[in-house]
>>> print(open('query32.cif').read())   # mmCIF, C-alpha atoms
data_final
#
loop_
_atom_site.label_atom_id
_atom_site.label_comp_id
_atom_site.auth_asym_id
_atom_site.auth_seq_id
_atom_site.Cartn_x
_atom_site.Cartn_y
_atom_site.Cartn_z
CA MET A 5 99.19 132.66 119.90
CA ASP A 6 100.59 130.32 122.59
CA ASN A 7 104.41 130.19 122.48
CA ASP A 8 104.24 126.37 122.37
CA ILE A 9 102.10 126.42 119.20
CA PHE A 10 103.17 127.42 115.70
CA ILE A 11 101.77 127.30 112.16
CA ARG A 12 103.33 125.22 109.40
CA GLU A 13 102.10 126.01 105.91
CA LEU A 14 101.67 123.42 103.16
CA GLU A 15 101.31 124.71 99.63
CA LEU A 16 99.20 122.62 97.26
CA GLU A 17 100.53 123.68 93.88
CA THR A 18 97.92 122.01 91.68
CA CYS A 19 94.85 123.56 93.29
CA LYS A 20 96.62 126.76 94.38
CA LYS A 21 95.69 126.45 98.04
CA THR A 22 97.81 126.69 101.19
CA LEU A 23 96.90 124.71 104.27
CA SER A 24 97.75 126.19 107.67
CA LEU A 25 98.74 123.40 110.06
CA CYS A 26 98.66 124.37 113.72
CA GLN A 27 101.03 122.18 115.69
CA GLU A 28 102.76 122.03 119.07
CA LYS A 29 106.47 122.26 119.82
CA ILE A 30 106.20 119.65 122.58
CA GLY A 31 103.72 116.80 122.89
CA ASP A 32 102.69 113.30 121.82
CA VAL A 33 103.19 111.72 118.38
CA ASN A 34 100.00 113.33 117.06
CA CYS A 35 100.98 116.93 117.85
CA VAL A 36 103.20 117.58 114.80
CA VAL A 37 103.08 117.11 111.03
CA TRP A 38 105.43 114.23 110.24
CA ASP A 39 107.49 114.06 107.05
CA ALA A 40 105.59 110.98 105.88
CA ALA A 41 102.37 113.02 105.96
CA ILE A 42 103.94 115.68 103.76
CA VAL A 43 105.09 113.00 101.30
CA LEU A 44 101.57 111.58 100.94
CA ALA A 45 99.92 115.01 100.79
CA LYS A 46 102.32 116.13 98.07
CA PHE A 47 101.86 112.84 96.21
CA ILE A 48 98.13 113.61 96.11
CA ASP A 49 98.87 117.15 94.96
CA PHE A 50 101.36 115.97 92.30
CA THR A 51 99.21 113.17 90.87
CA CYS A 52 96.12 115.39 90.61
CA ARG A 53 97.89 117.58 88.00
CA ASP A 54 96.61 115.58 85.03
CA LYS A 55 93.47 113.99 86.46
CA ASN A 56 91.48 114.83 89.57
CA TRP A 57 91.04 111.24 90.72
CA LEU A 58 89.76 112.29 94.16
CA LEU A 59 86.75 114.36 93.10
CA GLY A 60 83.64 112.99 94.80
CA LYS A 61 85.47 110.01 96.33
CA ASN A 62 84.76 108.79 99.86
CA VAL A 63 88.09 108.88 101.70
CA LEU A 64 88.78 107.53 105.18
CA GLU A 65 91.92 108.55 107.06
CA LEU A 66 93.17 106.44 109.96
CA GLY A 67 95.33 108.09 112.62
CA ALA A 68 94.74 111.50 111.07
CA GLY A 69 96.77 113.43 113.64
CA LEU A 70 96.64 117.08 112.64
CA GLY A 71 94.76 116.31 109.43
CA CYS A 72 97.37 117.24 106.83
CA VAL A 73 96.66 114.38 104.40
CA GLY A 74 92.88 114.19 104.78
CA MET A 75 92.48 117.93 104.35
CA THR A 76 94.64 117.77 101.22
CA ALA A 77 92.30 115.15 99.75
CA ALA A 78 89.31 117.36 100.58
CA CYS A 79 90.91 120.26 98.72
CA PHE A 80 90.64 118.10 95.59
CA GLY A 81 86.93 117.47 96.14
CA ALA A 82 86.99 114.30 98.24
CA LYS A 83 84.43 113.53 100.96
CA VAL A 84 86.79 112.81 103.85
CA LEU A 85 86.22 111.20 107.23
CA MET A 86 89.30 111.72 109.41
CA THR A 87 89.60 109.47 112.44
CA ASP A 88 91.88 109.26 115.45
CA LEU A 89 91.76 108.68 119.19
CA GLU A 90 89.86 110.95 121.55
CA ASN A 91 92.96 112.81 122.73
CA ALA A 92 93.80 113.83 119.15
CA MET A 93 90.42 115.40 118.44
CA PRO A 94 90.98 118.94 119.85
CA ALA A 95 94.02 119.63 117.64
CA LEU A 96 92.48 117.90 114.62
CA ASN A 97 89.23 119.83 114.90
CA LYS A 98 91.14 123.07 115.36
CA ASN A 99 92.95 122.52 112.06
CA VAL A 100 89.74 121.57 110.27
CA LYS A 101 88.13 124.82 111.39
CA LEU A 102 91.21 126.78 110.38
CA ASN A 103 91.23 125.42 106.81
CA GLU A 104 87.62 124.61 105.89
CA ILE A 105 87.31 127.49 103.43
CA HIS A 106 89.73 125.66 101.09
CA TRP A 107 87.66 122.53 100.43
CA LEU A 108 84.29 124.26 100.53
CA LYS A 109 85.34 125.96 97.28
CA SER A 110 86.23 122.57 95.76
CA ASN A 111 83.02 120.73 96.76
CA GLY A 112 85.05 118.77 99.28
CA LEU A 113 83.83 117.74 102.72
CA VAL A 114 85.60 116.96 106.00
CA LYS A 115 84.19 115.22 109.05
CA THR A 116 86.05 113.92 112.09
CA GLU A 117 85.23 110.96 114.30
CA VAL A 118 86.84 109.10 117.18
CA PHE A 119 87.86 105.61 116.07
CA GLU A 120 90.03 102.98 117.73
CA TRP A 121 91.69 100.44 115.44
CA GLY A 122 90.31 96.95 115.80
CA LYS A 123 86.87 98.21 116.80
CA GLU A 124 83.74 98.29 114.66
CA LEU A 125 84.09 100.55 111.64
CA PRO A 126 81.78 103.53 111.06
CA LYS A 127 78.66 102.03 109.43
CA ASP A 128 77.42 105.13 107.64
CA PHE A 129 80.61 105.75 105.63
CA ILE A 130 81.85 103.36 102.93
CA PRO A 131 85.35 104.41 101.87
CA GLU A 132 86.75 104.05 98.38
CA ILE A 133 90.25 105.12 99.47
CA VAL A 134 91.91 104.74 102.87
CA LEU A 135 94.83 106.98 103.91
CA VAL A 136 97.34 105.86 106.55
CA THR A 137 100.36 107.97 107.47
CA ASP A 138 103.18 107.04 109.87
CA CYS A 139 100.89 104.89 112.01
CA VAL A 140 103.25 101.95 112.58
CA TYR A 141 105.03 103.17 115.68
CA TYR A 142 103.97 101.16 118.73
CA GLU A 143 104.17 97.39 118.46
CA GLU A 144 100.99 96.88 120.50
CA SER A 145 98.93 98.84 117.96
CA THR A 146 100.06 96.96 114.84
CA LYS A 147 97.69 94.00 115.18
CA PRO A 148 94.54 96.19 115.61
CA LEU A 149 95.68 98.33 112.67
CA LEU A 150 96.16 95.25 110.49
CA GLU A 151 92.71 93.93 111.42
CA THR A 152 91.13 97.27 110.54
CA LEU A 153 92.90 97.36 107.16
CA LYS A 154 91.73 93.81 106.43
CA SER A 155 88.12 94.81 107.19
CA LEU A 156 88.39 97.87 104.96
CA CYS A 157 89.89 95.94 102.05
CA ASN A 158 86.92 93.58 102.10
CA ILE A 159 84.86 96.47 100.73
CA GLU A 160 84.75 96.01 96.95
CA GLY A 161 87.18 98.32 95.14
CA THR A 162 88.61 99.95 98.27
CA TYR A 163 92.36 100.47 98.35
CA ILE A 164 94.85 101.93 100.81
CA LEU A 165 97.56 104.53 100.35
CA MET A 166 100.10 104.32 103.15
CA THR A 167 103.30 106.16 103.99
CA GLN A 168 105.75 105.22 106.70
CA GLU A 169 109.12 106.68 107.64
CA GLN A 170 111.86 104.08 108.07
CA ARG A 171 113.23 104.95 111.50
CA ASP A 172 116.67 103.69 112.47
CA THR A 173 116.25 102.51 116.07
CA PRO A 174 116.35 98.70 116.52
CA ILE A 175 112.82 98.58 117.92
CA GLN A 176 111.34 100.70 115.12
CA ILE A 177 113.16 98.71 112.43
CA LYS A 178 111.75 95.48 113.85
CA VAL A 179 108.19 96.85 114.22
CA TRP A 180 108.06 98.15 110.64
CA ASN A 181 109.68 95.08 109.09
CA ASN A 182 107.28 92.76 110.92
CA PHE A 183 104.31 94.89 109.87
CA LYS A 184 105.41 94.94 106.22
CA LYS A 185 105.73 91.15 106.31
CA ALA A 186 102.20 90.86 107.70
CA LEU A 187 100.92 93.25 105.03
CA LYS A 188 102.40 91.14 102.24
CA GLU A 189 100.83 88.00 103.72
CA ASN A 190 97.37 89.56 103.68
CA PHE A 191 97.33 92.07 100.78
CA ASN A 192 98.75 92.97 97.42
CA VAL A 193 101.38 95.56 98.36
CA LYS A 194 102.90 97.79 95.68
CA ALA A 195 105.66 100.28 96.46
CA ILE A 196 105.19 103.51 94.50
CA PRO A 197 108.60 104.41 93.00
CA LEU A 198 110.18 107.79 93.74
CA GLU A 199 109.87 108.83 90.08
CA TYR A 200 106.07 108.76 90.44
CA GLN A 201 106.13 110.89 93.58
CA HIS A 202 106.62 114.64 94.00
CA PRO A 203 110.12 115.49 92.76
CA VAL A 204 110.97 117.49 95.90
CA TYR A 205 108.70 116.13 98.64
CA SER A 206 109.72 112.49 98.51
CA SER A 207 112.44 110.46 100.17
CA SER A 208 114.09 107.06 99.89
CA ASP A 209 113.58 106.51 103.62
CA ILE A 210 109.81 107.05 103.49
CA ASP A 211 107.84 104.13 102.04
CA LEU A 212 104.78 104.98 99.94
CA LEU A 213 102.60 101.92 99.38
CA LYS A 214 99.41 101.10 97.52
CA ILE A 215 97.63 98.23 99.23
CA THR A 216 94.78 96.19 97.73
CA LYS A 217 92.90 92.99 98.52
CA LEU A 218 94.58 89.70 97.61
#
>>> encode(input="query32.cif", output="structure tokens")
Amino acid sequence: MDNDIFIRELELETCKKTLSLCQEKIGDVNCVVWDAAIVLAKFIDFTCRDKNWLLGKNVLELGAGLGCVGMTAACFGAKVLMTDLENAMPALNKNVKLNEIHWLKSNGLVKTEVFEWGKELPKDFIPEIVLVTDCVYYEESTKPLLETLKSLCNIEGTYILMTQEQRDTPIQIKVWNNFKKALKENFNVKAIPLEYQHPVYSSSDIDLLKITKL
């Protein structure tokens, strides 16, 4: 394997599967598995212990990156469409191919598609759950992301699970605070307390939110 590429494993305790996440040592923001993705993936794993609430659900992931969260949902039987920009597709598709045996055994499904926030949503896929992980990074992308979330929440019953790491640079603090303010003006936003998250894979500096239509 290329010296600039390595495998990070993610154990899903509830379904007894281990995802292999191929990532790069150097690259853009979509080349590694961020901590916020692990928090949401392990929240899914943890909350499926008592009830498999994802089985058969249509799940859309925005800014999927390497696919950690969407593939986790598929391992619990979800029908997942993972989306990102064109330049993210090679790494995302590589990880899908590497792990597809896991969700095939659980009646899950994974597809990938190029999608730019603010553009027209895929017409042939109506999501029940939307996953968003660590996507609030560049100020110029926050408005298109917000518009996309508003369009998705207009679908009856659809809700959003979102994680975001609270970074400590002045610019990142401002971007996230402004985005959270806009979220609360347009949606019902509920923070999921740490005691309802995975006891190990959770952190006070990573927000986990459930977002629904006002």
>>> resolve_selection(input="query32.cif", expression="the PyMOL selection byres ((chain A and resi 16) around 10)", output="PDB file with C-alpha atoms, in the frame of the given file")
ATOM      1  CA  GLU A  13     102.100 126.010 105.910  1.00  0.00           C
ATOM      2  CA  LEU A  14     101.670 123.420 103.160  1.00  0.00           C
ATOM      3  CA  GLU A  15     101.310 124.710  99.630  1.00  0.00           C
ATOM      4  CA  GLU A  17     100.530 123.680  93.880  1.00  0.00           C
ATOM      5  CA  THR A  18      97.920 122.010  91.680  1.00  0.00           C
ATOM      6  CA  CYS A  19      94.850 123.560  93.290  1.00  0.00           C
ATOM      7  CA  LYS A  20      96.620 126.760  94.380  1.00  0.00           C
ATOM      8  CA  LYS A  21      95.690 126.450  98.040  1.00  0.00           C
ATOM      9  CA  THR A  22      97.810 126.690 101.190  1.00  0.00           C
ATOM     10  CA  LEU A  23      96.900 124.710 104.270  1.00  0.00           C
ATOM     11  CA  ALA A  45      99.920 115.010 100.790  1.00  0.00           C
ATOM     12  CA  LYS A  46     102.320 116.130  98.070  1.00  0.00           C
ATOM     13  CA  ILE A  48      98.130 113.610  96.110  1.00  0.00           C
ATOM     14  CA  ASP A  49      98.870 117.150  94.960  1.00  0.00           C
ATOM     15  CA  PHE A  50     101.360 115.970  92.300  1.00  0.00           C
ATOM     16  CA  THR A  76      94.640 117.770 101.220  1.00  0.00           C
ATOM     17  CA  CYS A  79      90.910 120.260  98.720  1.00  0.00           C
ATOM     18  CA  PHE A  80      90.640 118.100  95.590  1.00  0.00           C
TER      19      PHE A  80
END
>>> axis_aligned_box(input="query32.cif", around="range 93-103 of chain A", padding_each_side="3 Å", output="AutoDock Vina command-line options")
--center_x 91.1 --center_y 121.1 --center_z 113.3 --size_x 11.9 --size_y 17.4 --size_z 19.0
>>> atom_distance(input="query32.cif", atom1="CA of Cys139 in chain A", atom2="CA of Glu120 in chain A")
12.4 Å
>>> residues_around(input="query32.cif", residues="range 159-175 of chain A", least_positions_apart="2", cutoff="8 Å", atoms="all atoms listed in the file", output="PyMOL selection string")
chain A and resi 39-41+43-44+130-140+155-157+177-180+209-217
>>> resolve_selection(input="query32.cif", expression="the PyMOL selection byres ((chain A and resi 88-90) around 9)", output="PyMOL selection string")
chain A and resi 65-69+86-87+91-94+96+116-121
>>> closest_residue(input="query32.cif", among="A:Thr146, A:Thr152, A:Lys83, A:Gly71", to="Gln176 in chain A", atoms="all atoms listed in the file")
A:Thr146
>>> atom_distance(input="query32.cif", atom1="CA of Leu102 in chain A", atom2="CA of Leu25 in chain A")
8.3 Å
>>> atom_distance(input="query32.cif", atom1="CA of Ala78 in chain A", atom2="CA of Gly112 in chain A")
4.7 Å
>>> residues_around(input="query32.cif", residues="Lys154 in chain A", least_positions_apart="4", cutoff="8 Å", atoms="all atoms listed in the file", output="ChimeraX atom specification")
/A:150,158,190
>>> closest_residue(input="query32.cif", among="A:Glu124, A:Asp8, A:Asn192, A:Phe183", to="Glu143 in chain A", atoms="only C-alpha atoms")
A:Phe183
>>> closest_residue(input="query32.cif", among="A:Ser207, A:Ala77, A:Leu153, A:Val100", to="Cys52 in chain A", atoms="all atoms listed in the file")
A:Ala77
>>> closest_residue(input="query32.cif", among="A:Asn97, A:Ala195, A:Cys26, A:Lys184", to="Ser208 in chain A", atoms="only C-alpha atoms")
A:Ala195
>>> closest_residue(input="query32.cif", among="A:Asn56, A:Ser110, A:Ser24, A:Gln201", to="Lys98 in chain A", atoms="all atoms listed in the file")
A:Ser24
